[in-house]
Amino acid sequence: MKVNNIQNYNCYNNSFQKARSGVSQNKSQNNPSFKGDMMINFWDAVARGGFAASFTIQDMTGTNFPRTWQALQRNKDITGENNYKAAAEVAIREFLTGPSMCIIPMFVLALSKKYAGSANDVPLDNIESFADQMKIVLENTPSNNPGLNFDKSKPVNMAKGVKQRFYERMFALSLNEKLTDGMEPSDNAKKLAGMLIDYDNAPKRGVLKQFFDKNITEKTTDGSGRVKGTVIKAKDQIFDEIIGFYTDAKKTVSDDFGSLVTTDLNGTLKGKNSMVSLVKDFSNFGNDVQKTMIKKVPKSGSVSIANLEPGGFMENFKKCRVGSKFLTNVLMVILTGLFMMNIPKLYTLHKTNPETDAFRNKEGEVVRADK
C-alpha cells in the first residue's frame, strides 16, 4: 500500500502550491477541501516521514495489532478466557521486529551523517555522478561555467558559492538543459537553487506541528518591547514548494507529464530517479562538500590551488564518501541482523508456548483436544 498520495497531489496541483506560498487571494478556493481532515493530515505526515514512517505505520496497522488481537483470542473457545500470555509474547515480537528494521538503519545512518558527512545519505551511484558534476563546477572553465569567479580569500563565501552553482547545475540537468558551449543554467534552475538554499537554512517542524499542519513562528520585537510571532517556513513546507515549482517548470520543457518528477539528470545518472529523493540528495551532497571545503582551508584563511585542486579534491572526496557509504550499508545489515537474532530471547517469557497450553495435560505434554 502506498501512503504518499497527498504528497503526489502536492506535486501536480499548481493551485495548491500557490495557496501555500501566499500567491492566491483566496486560500479556501485553492486548498483541497479535505486538507483539514485528521486522517488525511495523518497520512500526509506519514508521507513526509519517508519510507521508515510509511513502513512502520503499515506494519503496525496491517500486522502487529491484528496478530496481537488474534493471540489474545487464542483458544478462548476452549478456556473461556483471554490468552494474555500469548498476546504479550506476540506483541513483544511484532513491535520489536518491524520498527527495529527501520530504527536501527536510521540510527546507523544518523551517526554516519554526523561523523562522516551528510553525503552518506546519498545512494552510491549518485555520489559518483554528483562528484563528477561538482568537479566541473570547481574547475571554473568558461565552457561550463562562464563568469564563475569565487573569492578564494574568503573560504566560507567561496564554499557557499560553489554549493549555489552546484545546485543550479543539478536543477538545470534535471530540466534537460544543455550546459555546454558556455550556456548558463536557466532562470528556473537558478530559482530552484535559491529555494534549496532556503531549505538548507530552514528549521524543521516537529511531528505534532506537521500532523496538525501548524506553522513555525519566530519571536521578534516590534520596537516597543512587545514580542510578536513571525511565521517562518519550515523545511517540509519549502520542500513542497520546490517540488511544485519544479513540476511547473518541467511542464514547459517536456510534454511527457507521466515523468514530471523523474529524471536521469540529462543522462548523468545510470537510471531515472524521483526528484522527491534527488532534491534531498542534492542538499546532502552540497552541504557535505561545503563543510569539507571549509575544513581544507589552511590556518592563513585562504584557499589555494595547492590545497583545493578540483580534480584531486573531488576524487578524494568521492573515494571517502563511497567507502564510508559502503561501510554504513554493511553496518546496517549486520547490526539489524544481530538484533533480530536476539529477539526470540526477549519475547520468550514462558517455558511453554502459551498458544498451545490449552492442549497440554498435567505433565505438560501436548495432547489432542478431544482427549
# chains A, B, ... in the order shown; residues from 1 in each chain; ligands from 1

call {"tool": "residues_around", "arguments": {"residues": "Lys345 (chain A)", "least_positions_apart": "5", "cutoff": "12 Å", "atoms": "only C-alpha atoms", "output": "list in words"}}
result
Glu89, Ile92, Arg93, Leu96, Phe339, Met340, His350 and Lys351 of chain A

call {"tool": "residues_around", "arguments": {"residues": "region 85-87 of chain A", "least_positions_apart": "3", "cutoff": "12 Å", "atoms": "only C-alpha atoms", "output": "PyMOL selection string"}}
result
chain A and resi 64-76+81-82+90-95+347-358

call {"tool": "atom_distance", "arguments": {"atom1": "CA of Ile136 (chain A)", "atom2": "CA of Lys163 (chain A)"}}
result
12.3 Å

call {"tool": "closest_atom_pairs", "arguments": {"of": "region 113-195 of chain A", "to": "region 267-286 of chain A", "cutoff": "9 Å", "atoms": "only C-alpha atoms", "output": "CSV"}}
result
residue,atom,partner,partner_atom,distance
A:Lys113,CA,A:Asn284,CA,9.0
A:Gly117,CA,A:Asn284,CA,8.4
A:Ser118,CA,A:Asn284,CA,5.0
A:Ala119,CA,A:Phe285,CA,4.5
A:Asn120,CA,A:Asn284,CA,8.0
A:Asp121,CA,A:Asn284,CA,6.9
A:Val122,CA,A:Asp281,CA,5.4
A:Pro123,CA,A:Asp281,CA,8.1
A:Asp125,CA,A:Lys270,CA,7.5
A:Asn126,CA,A:Leu269,CA,6.9
A:Ile127,CA,A:Phe285,CA,7.6
A:Ser129,CA,A:Leu269,CA,6.3
A:Phe130,CA,A:Phe285,CA,7.6
A:Ala131,CA,A:Phe285,CA,8.7
A:Gln133,CA,A:Thr268,CA,8.7
A:Met134,CA,A:Gly286,CA,8.6
A:Val162,CA,A:Gly286,CA,8.5
A:Lys163,CA,A:Gly286,CA,5.4
A:Gln164,CA,A:Gly286,CA,8.4
A:Phe166,CA,A:Gly286,CA,7.1
A:Tyr167,CA,A:Phe282,CA,6.8
A:Met170,CA,A:Phe282,CA,7.6
A:Phe171,CA,A:Val279,CA,8.7
A:Leu173,CA,A:Thr268,CA,8.4
A:Ser174,CA,A:Met275,CA,8.3
A:Asn176,CA,A:Gly267,CA,9.0

call {"tool": "write_last_selection", "arguments": {"atoms": "N, CA and C atoms", "output": "PDB file, in the first residue's frame"}}
result
ATOM      1  N   LYS A 113      26.047  10.203   9.028  1.00  0.00           N
ATOM      2  CA  LYS A 113      25.901  11.559   8.508  1.00  0.00           C
ATOM      3  C   LYS A 113      26.586  12.572   9.418  1.00  0.00           C
ATOM      4  N   GLY A 117      29.850  12.679   7.279  1.00  0.00           N
ATOM      5  CA  GLY A 117      29.378  13.576   6.238  1.00  0.00           C
ATOM      6  C   GLY A 117      27.987  13.237   5.751  1.00  0.00           C
ATOM      7  N   SER A 118      27.198  14.281   5.456  1.00  0.00           N
ATOM      8  CA  SER A 118      25.805  14.078   5.059  1.00  0.00           C
ATOM      9  C   SER A 118      25.660  13.396   3.706  1.00  0.00           C
ATOM     10  N   ALA A 119      26.731  13.355   2.893  1.00  0.00           N
ATOM     11  CA  ALA A 119      26.665  12.661   1.606  1.00  0.00           C
ATOM     12  C   ALA A 119      26.483  11.162   1.783  1.00  0.00           C
ATOM     13  N   ASN A 120      26.655  10.665   2.992  1.00  0.00           N
ATOM     14  CA  ASN A 120      26.425   9.249   3.249  1.00  0.00           C
ATOM     15  C   ASN A 120      24.953   8.878   3.153  1.00  0.00           C
ATOM     16  N   ASP A 121      24.086   9.878   3.070  1.00  0.00           N
ATOM     17  CA  ASP A 121      22.658   9.622   2.877  1.00  0.00           C
ATOM     18  C   ASP A 121      22.291   9.614   1.396  1.00  0.00           C
ATOM     19  N   VAL A 122      23.302   9.723   0.536  1.00  0.00           N
ATOM     20  CA  VAL A 122      23.093   9.711  -0.912  1.00  0.00           C
ATOM     21  C   VAL A 122      23.439   8.326  -1.452  1.00  0.00           C
ATOM     22  N   PRO A 123      22.632   7.781  -2.373  1.00  0.00           N
ATOM     23  CA  PRO A 123      22.948   6.469  -2.955  1.00  0.00           C
ATOM     24  C   PRO A 123      24.346   6.439  -3.565  1.00  0.00           C
ATOM     25  N   ASP A 125      25.644   5.188  -6.350  1.00  0.00           N
ATOM     26  CA  ASP A 125      25.760   5.604  -7.756  1.00  0.00           C
ATOM     27  C   ASP A 125      25.661   7.118  -7.905  1.00  0.00           C
ATOM     28  N   ASN A 126      24.782   7.727  -7.109  1.00  0.00           N
ATOM     29  CA  ASN A 126      24.604   9.175  -7.205  1.00  0.00           C
ATOM     30  C   ASN A 126      25.806   9.940  -6.667  1.00  0.00           C
ATOM     31  N   ILE A 127      26.481   9.382  -5.675  1.00  0.00           N
ATOM     32  CA  ILE A 127      27.680  10.037  -5.135  1.00  0.00           C
ATOM     33  C   ILE A 127      28.708  10.222  -6.240  1.00  0.00           C
ATOM     34  N   SER A 129      28.211  10.254  -9.544  1.00  0.00           N
ATOM     35  CA  SER A 129      27.722  11.192 -10.556  1.00  0.00           C
ATOM     36  C   SER A 129      27.788  12.628 -10.058  1.00  0.00           C
ATOM     37  N   PHE A 130      27.352  12.859  -8.816  1.00  0.00           N
ATOM     38  CA  PHE A 130      27.373  14.210  -8.252  1.00  0.00           C
ATOM     39  C   PHE A 130      28.805  14.735  -8.153  1.00  0.00           C
ATOM     40  N   ALA A 131      29.741  13.856  -7.797  1.00  0.00           N
ATOM     41  CA  ALA A 131      31.137  14.278  -7.669  1.00  0.00           C
ATOM     42  C   ALA A 131      31.680  14.752  -9.014  1.00  0.00           C
ATOM     43  N   GLN A 133      29.938  16.139 -11.408  1.00  0.00           N
ATOM     44  CA  GLN A 133      29.333  17.444 -11.693  1.00  0.00           C
ATOM     45  C   GLN A 133      29.939  18.540 -10.813  1.00  0.00           C
ATOM     46  N   MET A 134      30.225  18.207  -9.565  1.00  0.00           N
ATOM     47  CA  MET A 134      30.852  19.188  -8.680  1.00  0.00           C
ATOM     48  C   MET A 134      32.263  19.525  -9.161  1.00  0.00           C
ATOM     49  N   VAL A 162      30.102  27.837  -4.307  1.00  0.00           N
ATOM     50  CA  VAL A 162      30.251  26.564  -5.010  1.00  0.00           C
ATOM     51  C   VAL A 162      28.978  25.733  -4.872  1.00  0.00           C
ATOM     52  N   LYS A 163      28.427  25.712  -3.661  1.00  0.00           N
ATOM     53  CA  LYS A 163      27.197  24.945  -3.449  1.00  0.00           C
ATOM     54  C   LYS A 163      26.048  25.524  -4.266  1.00  0.00           C
ATOM     55  N   GLN A 164      25.949  26.838  -4.310  1.00  0.00           N
ATOM     56  CA  GLN A 164      24.905  27.505  -5.095  1.00  0.00           C
ATOM     57  C   GLN A 164      25.003  27.106  -6.564  1.00  0.00           C
ATOM     58  N   PHE A 166      26.507  24.507  -7.804  1.00  0.00           N
ATOM     59  CA  PHE A 166      26.236  23.067  -7.925  1.00  0.00           C
ATOM     60  C   PHE A 166      24.738  22.816  -8.006  1.00  0.00           C
ATOM     61  N   TYR A 167      23.972  23.477  -7.132  1.00  0.00           N
ATOM     62  CA  TYR A 167      22.518  23.329  -7.161  1.00  0.00           C
ATOM     63  C   TYR A 167      21.959  23.790  -8.507  1.00  0.00           C
ATOM     64  N   MET A 170      22.663  21.146 -11.123  1.00  0.00           N
ATOM     65  CA  MET A 170      21.890  19.915 -10.966  1.00  0.00           C
ATOM     66  C   MET A 170      20.432  20.121 -11.360  1.00  0.00           C
ATOM     67  N   PHE A 171      19.865  21.255 -10.999  1.00  0.00           N
ATOM     68  CA  PHE A 171      18.475  21.519 -11.399  1.00  0.00           C
ATOM     69  C   PHE A 171      18.384  21.742 -12.909  1.00  0.00           C
ATOM     70  N   LEU A 173      20.265  20.317 -15.173  1.00  0.00           N
ATOM     71  CA  LEU A 173      20.320  18.982 -15.771  1.00  0.00           C
ATOM     72  C   LEU A 173      19.001  18.240 -15.597  1.00  0.00           C
ATOM     73  N   SER A 174      18.374  18.421 -14.445  1.00  0.00           N
ATOM     74  CA  SER A 174      17.104  17.738 -14.194  1.00  0.00           C
ATOM     75  C   SER A 174      16.001  18.263 -15.099  1.00  0.00           C
ATOM     76  N   ASN A 176      16.595  18.964 -18.160  1.00  0.00           N
ATOM     77  CA  ASN A 176      17.077  18.593 -19.504  1.00  0.00           C
ATOM     78  C   ASN A 176      17.757  19.748 -20.242  1.00  0.00           C
TER      79      ASN A 176
END

call {"tool": "closest_residue", "arguments": {"among": "A:Ser112, A:Thr61, A:Thr263, A:Asn215", "to": "Leu327 (chain A)", "atoms": "only C-alpha atoms"}}
result
A:Ser112

call {"tool": "atom_distance", "arguments": {"atom1": "CA of Arg205 (chain A)", "atom2": "CA of Ile242 (chain A)"}}
result
16.9 Å

call {"tool": "residues_around", "arguments": {"residues": "Lys319 (chain A)", "least_positions_apart": "2", "cutoff": "12 Å", "atoms": "only C-alpha atoms", "output": "JSON, numbers by chain"}}
result
{"A": [119, 120, 124, 127, 128, 131, 312, 313, 314, 315, 316, 317, 321, 322, 323, 324, 325, 326]}

call {"tool": "write_last_selection", "arguments": {"atoms": "N, CA and C atoms", "output": "short mmCIF file (atom, residue, chain, number, x, y, z; two decimals), in the first residue's frame"}}
result
data_model
loop_
_atom_site.label_atom_id
_atom_site.label_comp_id
_atom_site.auth_asym_id
_atom_site.auth_seq_id
_atom_site.Cartn_x
_atom_site.Cartn_y
_atom_site.Cartn_z
N ALA A 119 26.73 13.36 2.89
CA ALA A 119 26.66 12.66 1.61
C ALA A 119 26.48 11.16 1.78
N ASN A 120 26.65 10.67 2.99
CA ASN A 120 26.42 9.25 3.25
C ASN A 120 24.95 8.88 3.15
N LEU A 124 24.98 5.26 -3.54
CA LEU A 124 26.34 5.12 -4.03
C LEU A 124 26.51 5.62 -5.46
N ILE A 127 26.48 9.38 -5.67
CA ILE A 127 27.68 10.04 -5.13
C ILE A 127 28.71 10.22 -6.24
N GLU A 128 28.92 9.19 -7.03
CA GLU A 128 29.91 9.27 -8.10
C GLU A 128 29.48 10.28 -9.16
N ALA A 131 29.74 13.86 -7.80
CA ALA A 131 31.14 14.28 -7.67
C ALA A 131 31.68 14.75 -9.01
N GLY A 312 41.81 16.58 -7.83
CA GLY A 312 42.27 15.82 -6.66
C GLY A 312 41.31 15.92 -5.49
N PHE A 313 40.77 17.13 -5.26
CA PHE A 313 39.85 17.34 -4.14
C PHE A 313 38.60 16.48 -4.29
N MET A 314 37.97 16.52 -5.47
CA MET A 314 36.73 15.77 -5.65
C MET A 314 36.98 14.27 -5.75
N GLU A 315 38.11 13.87 -6.30
CA GLU A 315 38.41 12.44 -6.37
C GLU A 315 38.59 11.86 -4.97
N ASN A 316 39.30 12.61 -4.13
CA ASN A 316 39.48 12.17 -2.75
C ASN A 316 38.17 12.16 -1.99
N PHE A 317 37.35 13.21 -2.22
CA PHE A 317 36.04 13.28 -1.57
C PHE A 317 35.18 12.10 -1.99
N ARG A 321 33.64 9.18 0.49
CA ARG A 321 32.20 9.02 0.70
C ARG A 321 31.70 7.67 0.18
N VAL A 322 32.24 7.20 -0.92
CA VAL A 322 31.85 5.87 -1.41
C VAL A 322 32.25 4.81 -0.40
N GLY A 323 33.45 4.95 0.15
CA GLY A 323 33.90 3.98 1.16
C GLY A 323 33.07 4.02 2.41
N SER A 324 32.80 5.22 2.93
CA SER A 324 32.01 5.32 4.17
C SER A 324 30.56 4.90 3.94
N LYS A 325 30.03 5.17 2.74
CA LYS A 325 28.67 4.74 2.42
C LYS A 325 28.59 3.22 2.37
N PHE A 326 29.59 2.58 1.79
CA PHE A 326 29.62 1.11 1.74
C PHE A 326 29.68 0.53 3.16
#

call {"tool": "select_by_dssp", "arguments": {"residues": "region 104-270 of chain A", "states": "helix (DSSP H, G or I)", "output": "PyMOL selection string"}}
result
chain A and resi 104-116+118-121+124-139+155-174+187-201+207-211+235-253+257-259

call {"tool": "residues_around", "arguments": {"residues": "region 187-191 of chain A", "least_positions_apart": "6", "cutoff": "7 Å", "atoms": "only C-alpha atoms", "output": "number ranges by chain"}}
result
A: 168, 171-172, 249

call {"tool": "write_last_selection", "arguments": {"atoms": "N, CA and C atoms", "output": "compact mmCIF listing (two decimals), in the first residue's frame"}}
result
# COMPACT_ATOMS: atom_id res chain seq x y z
N GLU A 168 22.45 24.94 -8.99
CA GLU A 168 21.96 25.45 -10.27
C GLU A 168 22.23 24.44 -11.39
N PHE A 171 19.87 21.26 -11.00
CA PHE A 171 18.47 21.52 -11.40
C PHE A 171 18.38 21.74 -12.91
N ALA A 172 19.41 22.38 -13.49
CA ALA A 172 19.41 22.58 -14.94
C ALA A 172 19.43 21.23 -15.66
N ALA A 249 7.87 23.97 -13.91
CA ALA A 249 8.94 24.28 -14.85
C ALA A 249 9.15 23.13 -15.84

call {"tool": "residues_around", "arguments": {"residues": "region 250-253 of chain A", "least_positions_apart": "5", "cutoff": "10 Å", "atoms": "only C-alpha atoms", "output": "PyMOL selection string"}}
result
chain A and resi 174-177+188+244-245+259-261

call {"tool": "select_by_dssp", "arguments": {"residues": "region 91-296 of chain A", "states": "strand (DSSP E or B)", "output": "VMD selection string"}}
result
chain A and resid 216 to 221 227 to 232 262 to 263 273 to 274
